[in-house]
>>> print(open('my_file-v7.cif').read())   # mmCIF, C-alpha atoms
data_my_file
loop_
_atom_site.label_atom_id
_atom_site.label_comp_id
_atom_site.auth_asym_id
_atom_site.auth_seq_id
_atom_site.Cartn_x
_atom_site.Cartn_y
_atom_site.Cartn_z
CA MET A 1 89.64 96.55 126.97
CA GLN A 2 91.32 99.87 127.73
CA GLY A 3 89.96 102.78 125.69
CA GLY A 4 86.44 101.40 125.43
CA ILE A 5 87.28 98.82 122.74
CA GLY A 6 85.75 95.37 122.97
CA PHE A 7 87.96 92.30 122.57
CA ASN A 8 86.55 88.96 121.44
CA ALA A 9 89.36 86.52 122.20
CA PRO A 10 87.74 83.41 120.64
CA ALA A 11 87.04 85.28 117.38
CA VAL A 12 90.59 86.65 117.20
CA ASP A 13 92.00 83.16 117.87
CA ARG A 14 89.76 81.75 115.13
CA LEU A 15 90.95 84.43 112.69
CA LEU A 16 94.63 83.80 113.42
CA SER A 17 94.26 80.03 113.15
CA THR A 18 92.30 80.39 109.88
CA LEU A 19 95.08 82.48 108.35
CA ALA A 20 98.08 80.92 110.11
CA ASP A 21 99.63 79.42 106.96
CA LEU A 22 99.54 82.83 105.23
CA CYS A 23 101.40 84.74 107.93
CA SER A 24 104.89 83.76 106.79
CA GLY A 25 106.28 86.78 104.96
CA ALA A 26 103.02 88.70 105.31
CA TRP A 27 102.74 92.28 106.46
CA LEU A 28 100.94 92.71 109.79
CA GLY A 29 99.76 95.91 111.42
CA MET A 30 97.23 97.36 113.84
CA ARG A 31 94.96 100.37 113.48
CA THR A 32 92.69 102.53 115.62
CA THR A 33 90.91 105.87 115.27
CA SER A 34 90.13 109.07 117.17
CA ARG A 35 86.39 108.36 117.09
CA PRO A 36 84.52 108.41 120.43
CA ALA A 37 85.07 105.34 122.60
CA GLY A 38 81.72 103.79 121.70
CA ARG A 39 82.54 103.97 117.97
CA ARG A 40 86.27 103.30 118.16
CA ASP A 41 87.77 99.94 117.30
CA LEU A 42 91.13 98.22 117.11
CA ASN A 43 91.82 96.31 113.92
CA LEU A 44 94.32 93.65 112.96
CA ARG A 45 95.54 94.05 109.37
CA MET A 46 97.32 91.52 107.18
CA CYS A 47 98.52 91.62 103.57
CA TYR A 48 100.09 88.64 101.82
CA ARG A 49 101.31 87.75 98.33
CA GLN A 50 100.55 84.03 98.38
CA PRO A 51 98.05 82.96 95.66
CA VAL A 52 95.34 82.00 98.15
CA HIS A 53 91.80 83.40 97.89
CA PRO A 54 90.87 84.12 101.55
CA VAL A 55 87.09 84.38 101.20
CA PRO A 56 86.15 80.67 101.18
CA ARG A 57 88.07 79.94 104.37
CA LEU A 58 86.85 83.14 106.09
CA ARG A 59 83.24 82.24 105.31
CA GLU A 60 83.71 78.63 106.42
CA ALA A 61 85.15 79.87 109.72
CA GLY A 62 82.13 82.15 110.26
CA LEU A 63 84.27 85.29 110.06
CA LEU A 64 82.67 86.73 106.92
CA THR A 65 79.02 86.54 105.87
CA PHE A 66 77.61 87.07 102.39
CA ASP A 67 74.00 88.20 102.02
CA GLY A 68 73.58 89.09 98.35
CA HIS A 69 75.03 92.61 98.33
CA PRO A 70 76.40 93.85 94.96
CA MET A 71 79.91 94.07 96.42
CA GLU A 72 79.98 90.27 96.43
CA GLU A 73 79.45 90.25 92.66
CA LEU A 74 82.02 93.02 92.27
CA LEU A 75 84.53 90.93 94.20
CA ASP A 76 84.11 88.08 91.72
CA GLU A 77 84.43 90.46 88.76
CA LEU A 78 87.69 91.92 90.06
CA VAL A 79 89.19 88.49 90.74
CA GLU A 80 88.25 87.32 87.25
CA GLU A 81 89.48 90.41 85.42
CA PHE A 82 92.73 91.51 87.12
CA PRO A 83 95.87 89.99 88.70
CA LEU A 84 95.83 90.84 92.39
CA TRP A 85 96.89 89.92 95.89
CA TRP A 86 95.08 90.23 99.19
CA GLY A 87 94.70 92.13 102.42
CA ILE A 88 92.38 91.42 105.36
CA ASP A 89 91.23 93.94 107.97
CA ALA A 90 89.57 92.42 111.05
CA SER A 91 88.25 93.98 114.24
CA VAL A 92 89.34 92.55 117.59
CA SER A 93 85.65 92.67 118.53
CA GLY A 94 85.12 89.70 116.22
CA SER A 95 84.43 90.52 112.57
CA VAL A 96 86.28 90.73 109.27
CA ASP A 97 85.53 94.32 108.29
CA LYS A 98 87.33 94.71 104.95
CA LEU A 99 89.00 92.84 102.14
CA TRP A 100 91.71 94.62 100.16
CA LEU A 101 92.38 93.74 96.54
CA ILE A 102 95.85 95.02 95.66
CA PHE A 103 97.10 95.58 92.11
CA ASP A 104 100.87 95.90 91.70
CA ASP A 105 100.73 97.86 88.46
CA GLY A 106 97.36 99.43 89.12
CA ILE A 107 94.32 98.88 86.92
CA PRO A 108 93.03 101.46 84.43
CA LEU A 109 90.24 103.49 85.95
CA ALA A 110 88.32 103.24 82.68
CA GLU A 111 88.37 99.43 82.85
CA ALA A 112 87.20 99.43 86.48
CA LEU A 113 84.35 101.79 85.60
CA ALA A 114 83.09 99.20 83.11
CA LEU A 115 82.52 96.55 85.79
CA PRO A 116 78.75 95.96 86.09
CA HIS A 117 78.52 95.96 89.90
CA LEU A 118 80.67 99.02 90.63
CA PRO A 119 78.65 101.73 92.45
CA HIS A 120 77.22 104.44 90.21
CA SER A 121 78.67 107.00 92.64
CA ILE A 122 82.16 106.09 91.38
CA ARG A 123 81.19 106.42 87.73
CA ALA A 124 79.71 109.85 88.48
CA SER A 125 82.92 111.13 90.15
CA GLN A 126 85.16 111.63 87.11
CA ASP A 127 85.65 115.33 87.94
CA HIS A 128 87.02 114.35 91.34
CA PHE A 129 89.40 111.76 89.88
CA ASP A 130 90.62 114.41 87.42
CA ARG A 131 91.44 116.75 90.32
CA VAL A 132 93.37 113.94 92.00
CA GLY A 133 95.15 113.21 88.70
CA MET A 134 94.11 109.59 89.01
CA ASP A 135 93.64 107.40 85.95
CA ARG A 136 94.56 104.09 87.59
CA ILE A 137 93.48 102.31 90.78
CA GLY A 138 96.16 100.83 93.01
CA LEU A 139 93.95 99.12 95.58
CA ILE A 140 90.27 98.51 96.27
CA GLY A 141 88.89 97.97 99.75
CA LEU A 142 85.50 96.30 100.20
CA ASP A 143 83.96 97.18 103.55
CA PHE A 144 81.42 94.47 104.38
CA GLY A 145 80.33 96.11 107.63
CA HIS A 146 79.47 99.53 106.20
CA ARG A 147 78.58 98.38 102.66
CA THR A 148 81.08 100.81 101.16
CA ILE A 149 84.08 100.65 98.86
CA ASN A 150 87.44 102.42 99.16
CA VAL A 151 89.24 103.30 95.92
CA TYR A 152 92.95 104.04 96.33
CA SER A 153 95.27 105.82 93.94
CA PRO A 154 98.58 104.16 93.07
CA VAL A 155 101.48 105.24 95.29
CA PHE A 156 102.54 108.80 94.46
CA PRO A 157 106.17 109.65 93.71
CA PRO A 158 107.69 112.19 96.16
CA GLY A 159 106.51 115.69 95.38
CA ARG A 160 103.46 114.53 93.43
CA LEU A 161 101.09 116.10 95.96
CA THR A 162 101.39 119.75 96.90
CA TYR A 163 99.60 122.05 99.31
CA ASP A 164 97.59 123.51 96.43
CA THR A 165 96.67 120.08 95.07
CA VAL A 166 95.43 118.89 98.44
CA THR A 167 93.41 122.07 98.92
CA THR A 168 91.86 121.71 95.47
CA ILE A 169 90.93 118.06 96.03
CA ILE A 170 89.23 118.70 99.38
CA SER A 171 87.47 121.94 98.42
CA GLY A 172 86.40 120.44 95.08
CA LEU A 173 84.20 118.02 97.02
CA GLY A 174 82.75 120.81 99.15
CA PHE A 175 84.31 119.36 102.31
CA PRO A 176 85.42 121.73 105.10
CA LEU A 177 89.11 122.58 104.80
CA PRO A 178 91.33 121.66 107.77
CA ALA A 179 93.84 123.95 109.44
CA GLU A 180 96.93 125.14 107.58
CA GLU A 181 99.18 122.74 109.48
CA GLU A 182 97.10 119.78 108.36
CA LEU A 183 97.07 120.84 104.71
CA VAL A 184 100.86 121.08 104.74
CA ARG A 185 101.07 117.64 106.35
CA LYS A 186 98.79 116.09 103.70
CA ALA A 187 101.18 117.12 100.93
CA ARG A 188 103.42 114.32 102.27
CA ALA A 189 100.77 111.64 101.62
CA PHE A 190 101.91 108.60 99.63
CA ASP A 191 98.47 108.10 98.09
CA VAL A 192 94.85 109.19 98.46
CA TYR A 193 91.72 107.12 98.80
CA GLN A 194 88.05 107.90 98.64
CA THR A 195 85.03 106.07 99.99
CA PHE A 196 81.87 105.43 98.00
CA SER A 197 78.53 103.74 98.66
CA TRP A 198 76.05 101.83 96.53
CA ASP A 199 73.25 103.78 98.23
CA GLU A 200 74.48 107.39 98.30
CA PRO A 201 75.83 109.73 95.63
CA GLY A 202 79.28 111.27 95.52
CA VAL A 203 82.39 110.77 97.65
CA ARG A 204 81.50 109.98 101.25
CA ARG A 205 85.00 110.28 102.69
CA LEU A 206 88.48 111.29 101.61
CA CYS A 207 91.73 110.22 103.24
CA PHE A 208 95.45 111.06 102.87
CA PRO A 209 97.88 108.59 104.53
CA VAL A 210 101.36 109.76 105.58
CA ARG A 211 104.24 107.62 106.91
CA TYR A 212 105.98 108.69 110.12
CA THR A 213 108.47 107.34 112.59
CA ALA A 214 107.45 107.31 116.22
CA GLU A 215 109.68 110.31 116.89
CA GLU A 216 108.10 112.58 114.26
CA PHE A 217 104.49 111.36 114.49
CA PRO A 218 102.02 114.26 115.08
CA THR A 219 100.75 112.88 118.39
CA HIS A 220 99.56 116.36 119.45
CA CYS A 221 96.58 116.04 117.08
CA HIS A 222 94.64 113.76 119.44
CA PRO A 223 95.23 111.94 122.78
CA VAL A 224 94.37 108.54 121.21
CA LEU A 225 97.17 108.98 118.68
CA LYS A 226 99.64 109.72 121.47
CA ARG A 227 98.61 106.67 123.52
CA PHE A 228 98.79 104.38 120.50
CA VAL A 229 102.19 105.58 119.31
CA GLU A 230 103.67 105.32 122.81
CA ALA A 231 102.25 101.86 123.60
CA ALA A 232 101.87 99.92 120.34
CA PRO A 233 103.80 96.60 120.32
CA PHE A 234 106.26 95.76 117.54
CA ALA A 235 108.04 92.67 116.27
CA THR A 236 110.95 94.83 115.09
CA ASP A 237 113.16 97.54 116.52
CA GLN A 238 111.89 100.03 113.94
CA ARG A 239 108.72 101.74 115.18
CA ALA A 240 106.95 103.03 112.07
CA PHE A 241 103.38 104.28 111.66
CA VAL A 242 100.92 105.60 109.11
CA TYR A 243 98.92 108.69 110.05
CA TYR A 244 95.59 109.31 108.36
CA ALA A 245 93.39 112.38 108.41
CA THR A 246 89.93 111.81 106.96
CA TYR A 247 87.58 114.40 105.50
CA GLY A 248 83.87 114.38 104.75
CA PRO A 249 80.84 116.66 104.45
CA ARG A 250 80.56 116.81 108.26
CA GLY A 251 84.26 116.98 109.10
CA GLY A 252 86.52 114.05 109.82
CA TYR A 253 88.69 112.18 112.28
CA PHE A 254 92.19 110.72 112.63
CA LYS A 255 93.50 107.17 112.22
CA VAL A 256 96.82 105.60 113.14
CA GLN A 257 98.32 102.32 111.93
CA SER A 258 101.40 100.52 113.16
CA ASP A 259 103.84 98.59 110.97
CA TYR A 260 104.06 95.66 113.38
CA THR A 261 106.28 93.41 111.28
CA GLY A 262 108.42 96.24 109.91
CA ASN A 263 108.03 95.11 106.28
CA HIS A 264 105.33 97.49 105.04
CA ARG A 265 107.42 99.02 102.26
CA GLU A 266 108.92 95.69 101.14
CA THR A 267 105.52 94.03 101.01
CA PHE A 268 103.91 96.73 98.90
CA ILE A 269 106.77 97.16 96.42
CA PRO A 270 106.61 94.64 93.55
CA GLN A 271 109.55 92.24 93.59
#
>>> encode(input="my_file-v7.cif", output="structure tokens")
Amino acid sequence: MQGGIGFNAPAVDRLLSTLADLCSGAWLGMRTTSRPAGRRDLNLRMCYRQPVHPVPRLREAGLLTFDGHPMEELLDELVEEFPLWWGIDASVSGSVDKLWLIFDDGIPLAEALALPHLPHSIRASQDHFDRVGMDRIGLIGLDFGHRTINVYSPVFPPGRLTYDTVTTIISGLGFPLPAEEELVRKARAFDVYQTFSWDEPGVRRLCFPVRYTAEEFPTHCHPVLKRFVEAAPFATDQRAFVYYATYGPRGGYFKVQSDYTGNHRETFIPQ
């Protein structure tokens, strides 16, 4: 595939057929990153509100494998404790990478911290959550490929983030600060998420997503972003994207996601 990304057609067909009945009314998107070609991927993303647990059918189809990791127990705890709906993130190279558990009203951070199989690194990061101003979790992403967990804030109201807040959050973790232009851009983020591991302490990665139209998207940040924004297919006339800049102890990279079905906002706003 162009751009050094592998494409496993049988696996993608199997994924789409496995989830076909859930596609009606679902949100669909695609995502790639600015990582080097050998580490870059293209992912299909789907979020749906139907009351269907996707894991049994994904495992039966051979698209998701359990091997006794604590995140499997955490998944069961979250399903048992909180009302939620689902998102699935799958690579076109043939694997389901992530499951998203989405909570319309958020769940209290204190209640999540009491779950037995949550990583200790999250429990030890209260100072960071205080800097974010985050006392509820809006979404949890379980990354089965990397054995990590993403913890998302609820959606911020406009103006909630500022340049100073973003600077404080990043520098508070000891991560290198980006250029001035990027810090200003991050103040437009609609939420923030952080990545944790069961095997390493602290926050491994921080990310601020920002919505853009094709016309205003900061394509000058990386050639991959420009190619994606110019060529991404859409099922709607509205070409909308999410731009992500990620930060970590050794720097970061960019991500871009398309709103293929054009219903991103409607899907994520409780009805």
>>> resolve_selection(input="my_file-v7.cif", expression="the PyMOL selection byres ((chain A and resi 177) around 12)", output="PyMOL selection string")
chain A and resi 163-164+166-176+178-184+186+206+245-252
>>> closest_residue(input="my_file-v7.cif", among="A:Tyr260, A:Leu19, A:Met71, A:Arg123", to="Pro56 of chain A", atoms="only C-alpha atoms")
A:Leu19
>>> residues_around(input="my_file-v7.cif", residues="Leu101 of chain A", least_positions_apart="3", cutoff="9 Å", atoms="all atoms listed in the file", output="ChimeraX atom specification")
/A:75,78-79,84-87,138-142
>>> atom_distance(input="my_file-v7.cif", atom1="atom CA of Ala231 of chain A", atom2="atom CA of Met30 of chain A")
11.9 Å
>>> atom_distance(input="my_file-v7.cif", atom1="atom CA of Gly262 of chain A", atom2="atom CA of Thr195 of chain A")
27.2 Å
>>> resolve_selection(input="my_file-v7.cif", expression="the PyMOL selection byres ((chain A and resi 69) around 12)", output="count of residues only")
23
>>> axis_aligned_box(input="my_file-v7.cif", around="segment 238-247 of chain A", padding_each_side="4 Å", output="lines of an AutoDock Vina configuration file")
center_x = 99.7
center_y = 107.2
center_z = 110.3
size_x = 32.3
size_y = 22.4
size_z = 17.7
>>> resolve_selection(input="my_file-v7.cif", expression="the PyMOL selection byres ((chain A and resi 234) around 8)", output="list in words")
Ala232, Pro233, Ala235, Thr236, Asp237, Gln238, Arg239, Asp259, Tyr260, Thr261 and Gly262 of chain A
>>> closest_residue(input="my_file-v7.cif", among="A:Arg39, A:Pro108, A:Cys47, A:Leu58", to="Ala26 of chain A", atoms="all atoms listed in the file")
A:Cys47
>>> closest_residue(input="my_file-v7.cif", among="A:Ala124, A:Val92, A:Arg40, A:Val151", to="Lys255 of chain A", atoms="only C-alpha atoms")
A:Arg40
>>> closest_residue(input="my_file-v7.cif", among="A:Arg131, A:Arg185, A:Arg265, A:His120", to="Cys221 of chain A", atoms="only C-alpha atoms")
A:Arg185
>>> atom_distance(input="my_file-v7.cif", atom1="atom CA of Tyr48 of chain A", atom2="atom CA of Ser258 of chain A")
16.5 Å
>>> closest_residue(input="my_file-v7.cif", among="A:Ala189, A:Val155, A:Leu109, A:Cys23", to="Val52 of chain A", atoms="all atoms listed in the file")
A:Cys23
>>> closest_residue(input="my_file-v7.cif", among="A:Val203, A:Ala114, A:Val229, A:Leu63", to="Ser93 of chain A", atoms="all atoms listed in the file")
A:Leu63
>>> residues_around(input="my_file-v7.cif", residues="segment 6-13 of chain A", least_positions_apart="5", cutoff="12 Å", atoms="only C-alpha atoms", output="PyMOL selection string")
chain A and resi 1+18-20+37-45+58+61-64+89-96
>>> build_atoms(input="my_file-v7.cif", residues="segment 38-55 of chain A", atoms="N, CA, C and O atoms", output="mmCIF file, keeping the file's coordinate frame")
data_model
loop_
_atom_site.group_PDB
_atom_site.id
_atom_site.type_symbol
_atom_site.label_atom_id
_atom_site.label_comp_id
_atom_site.auth_asym_id
_atom_site.auth_seq_id
_atom_site.Cartn_x
_atom_site.Cartn_y
_atom_site.Cartn_z
ATOM 1 N N GLY A 38 82.755 104.721 122.108
ATOM 2 C CA GLY A 38 81.720 103.790 121.700
ATOM 3 C C GLY A 38 81.758 103.424 120.231
ATOM 4 O O GLY A 38 81.175 102.425 119.817
ATOM 5 N N ARG A 39 82.459 104.217 119.421
ATOM 6 C CA ARG A 39 82.540 103.970 117.970
ATOM 7 C C ARG A 39 83.964 103.641 117.535
ATOM 8 O O ARG A 39 84.212 103.443 116.354
ATOM 9 N N ARG A 40 84.867 103.565 118.463
ATOM 10 C CA ARG A 40 86.270 103.300 118.160
ATOM 11 C C ARG A 40 86.521 101.792 118.191
ATOM 12 O O ARG A 40 85.923 101.065 118.966
ATOM 13 N N ASP A 41 87.435 101.350 117.336
ATOM 14 C CA ASP A 41 87.770 99.940 117.300
ATOM 15 C C ASP A 41 89.272 99.782 117.142
ATOM 16 O O ASP A 41 89.986 100.744 116.826
ATOM 17 N N LEU A 42 89.743 98.586 117.378
ATOM 18 C CA LEU A 42 91.130 98.220 117.110
ATOM 19 C C LEU A 42 91.103 97.105 116.081
ATOM 20 O O LEU A 42 90.396 96.117 116.272
ATOM 21 N N ASN A 43 91.848 97.282 115.009
ATOM 22 C CA ASN A 43 91.820 96.310 113.920
ATOM 23 C C ASN A 43 93.176 95.683 113.684
ATOM 24 O O ASN A 43 94.206 96.355 113.752
ATOM 25 N N LEU A 44 93.148 94.385 113.414
ATOM 26 C CA LEU A 44 94.320 93.650 112.960
ATOM 27 C C LEU A 44 94.308 93.666 111.447
ATOM 28 O O LEU A 44 93.273 93.385 110.827
ATOM 29 N N ARG A 45 95.459 93.953 110.824
ATOM 30 C CA ARG A 45 95.540 94.050 109.370
ATOM 31 C C ARG A 45 96.650 93.140 108.861
ATOM 32 O O ARG A 45 97.715 93.063 109.465
ATOM 33 N N MET A 46 96.372 92.483 107.745
ATOM 34 C CA MET A 46 97.320 91.520 107.180
ATOM 35 C C MET A 46 97.261 91.607 105.668
ATOM 36 O O MET A 46 96.178 91.644 105.078
ATOM 37 N N CYS A 47 98.428 91.663 105.016
ATOM 38 C CA CYS A 47 98.520 91.620 103.570
ATOM 39 C C CYS A 47 99.543 90.565 103.181
ATOM 40 O O CYS A 47 100.623 90.505 103.766
ATOM 41 N N TYR A 48 99.191 89.731 102.198
ATOM 42 C CA TYR A 48 100.090 88.640 101.820
ATOM 43 C C TYR A 48 100.068 88.453 100.313
ATOM 44 O O TYR A 48 99.081 88.756 99.640
ATOM 45 N N ARG A 49 101.164 87.933 99.775
ATOM 46 C CA ARG A 49 101.310 87.750 98.330
ATOM 47 C C ARG A 49 101.107 86.297 97.893
ATOM 48 O O ARG A 49 101.265 85.989 96.711
ATOM 49 N N GLN A 50 100.791 85.415 98.777
ATOM 50 C CA GLN A 50 100.550 84.030 98.380
ATOM 51 C C GLN A 50 99.256 83.944 97.539
ATOM 52 O O GLN A 50 98.300 84.676 97.801
ATOM 53 N N PRO A 51 99.217 83.048 96.540
ATOM 54 C CA PRO A 51 98.050 82.960 95.660
ATOM 55 C C PRO A 51 96.898 82.177 96.293
ATOM 56 O O PRO A 51 96.461 81.134 95.783
ATOM 57 N N VAL A 52 96.408 82.676 97.406
ATOM 58 C CA VAL A 52 95.340 82.000 98.150
ATOM 59 C C VAL A 52 94.169 82.970 98.303
ATOM 60 O O VAL A 52 94.312 84.038 98.901
ATOM 61 N N HIS A 53 93.025 82.607 97.753
ATOM 62 C CA HIS A 53 91.800 83.400 97.890
ATOM 63 C C HIS A 53 91.291 83.216 99.327
ATOM 64 O O HIS A 53 90.940 82.106 99.727
ATOM 65 N N PRO A 54 91.206 84.304 100.126
ATOM 66 C CA PRO A 54 90.870 84.120 101.550
ATOM 67 C C PRO A 54 89.378 83.938 101.821
ATOM 68 O O PRO A 54 89.004 83.455 102.882
ATOM 69 N N VAL A 55 88.512 84.329 100.895
ATOM 70 C CA VAL A 55 87.090 84.380 101.200
ATOM 71 C C VAL A 55 86.493 83.019 101.550
ATOM 72 O O VAL A 55 85.750 82.908 102.546
#
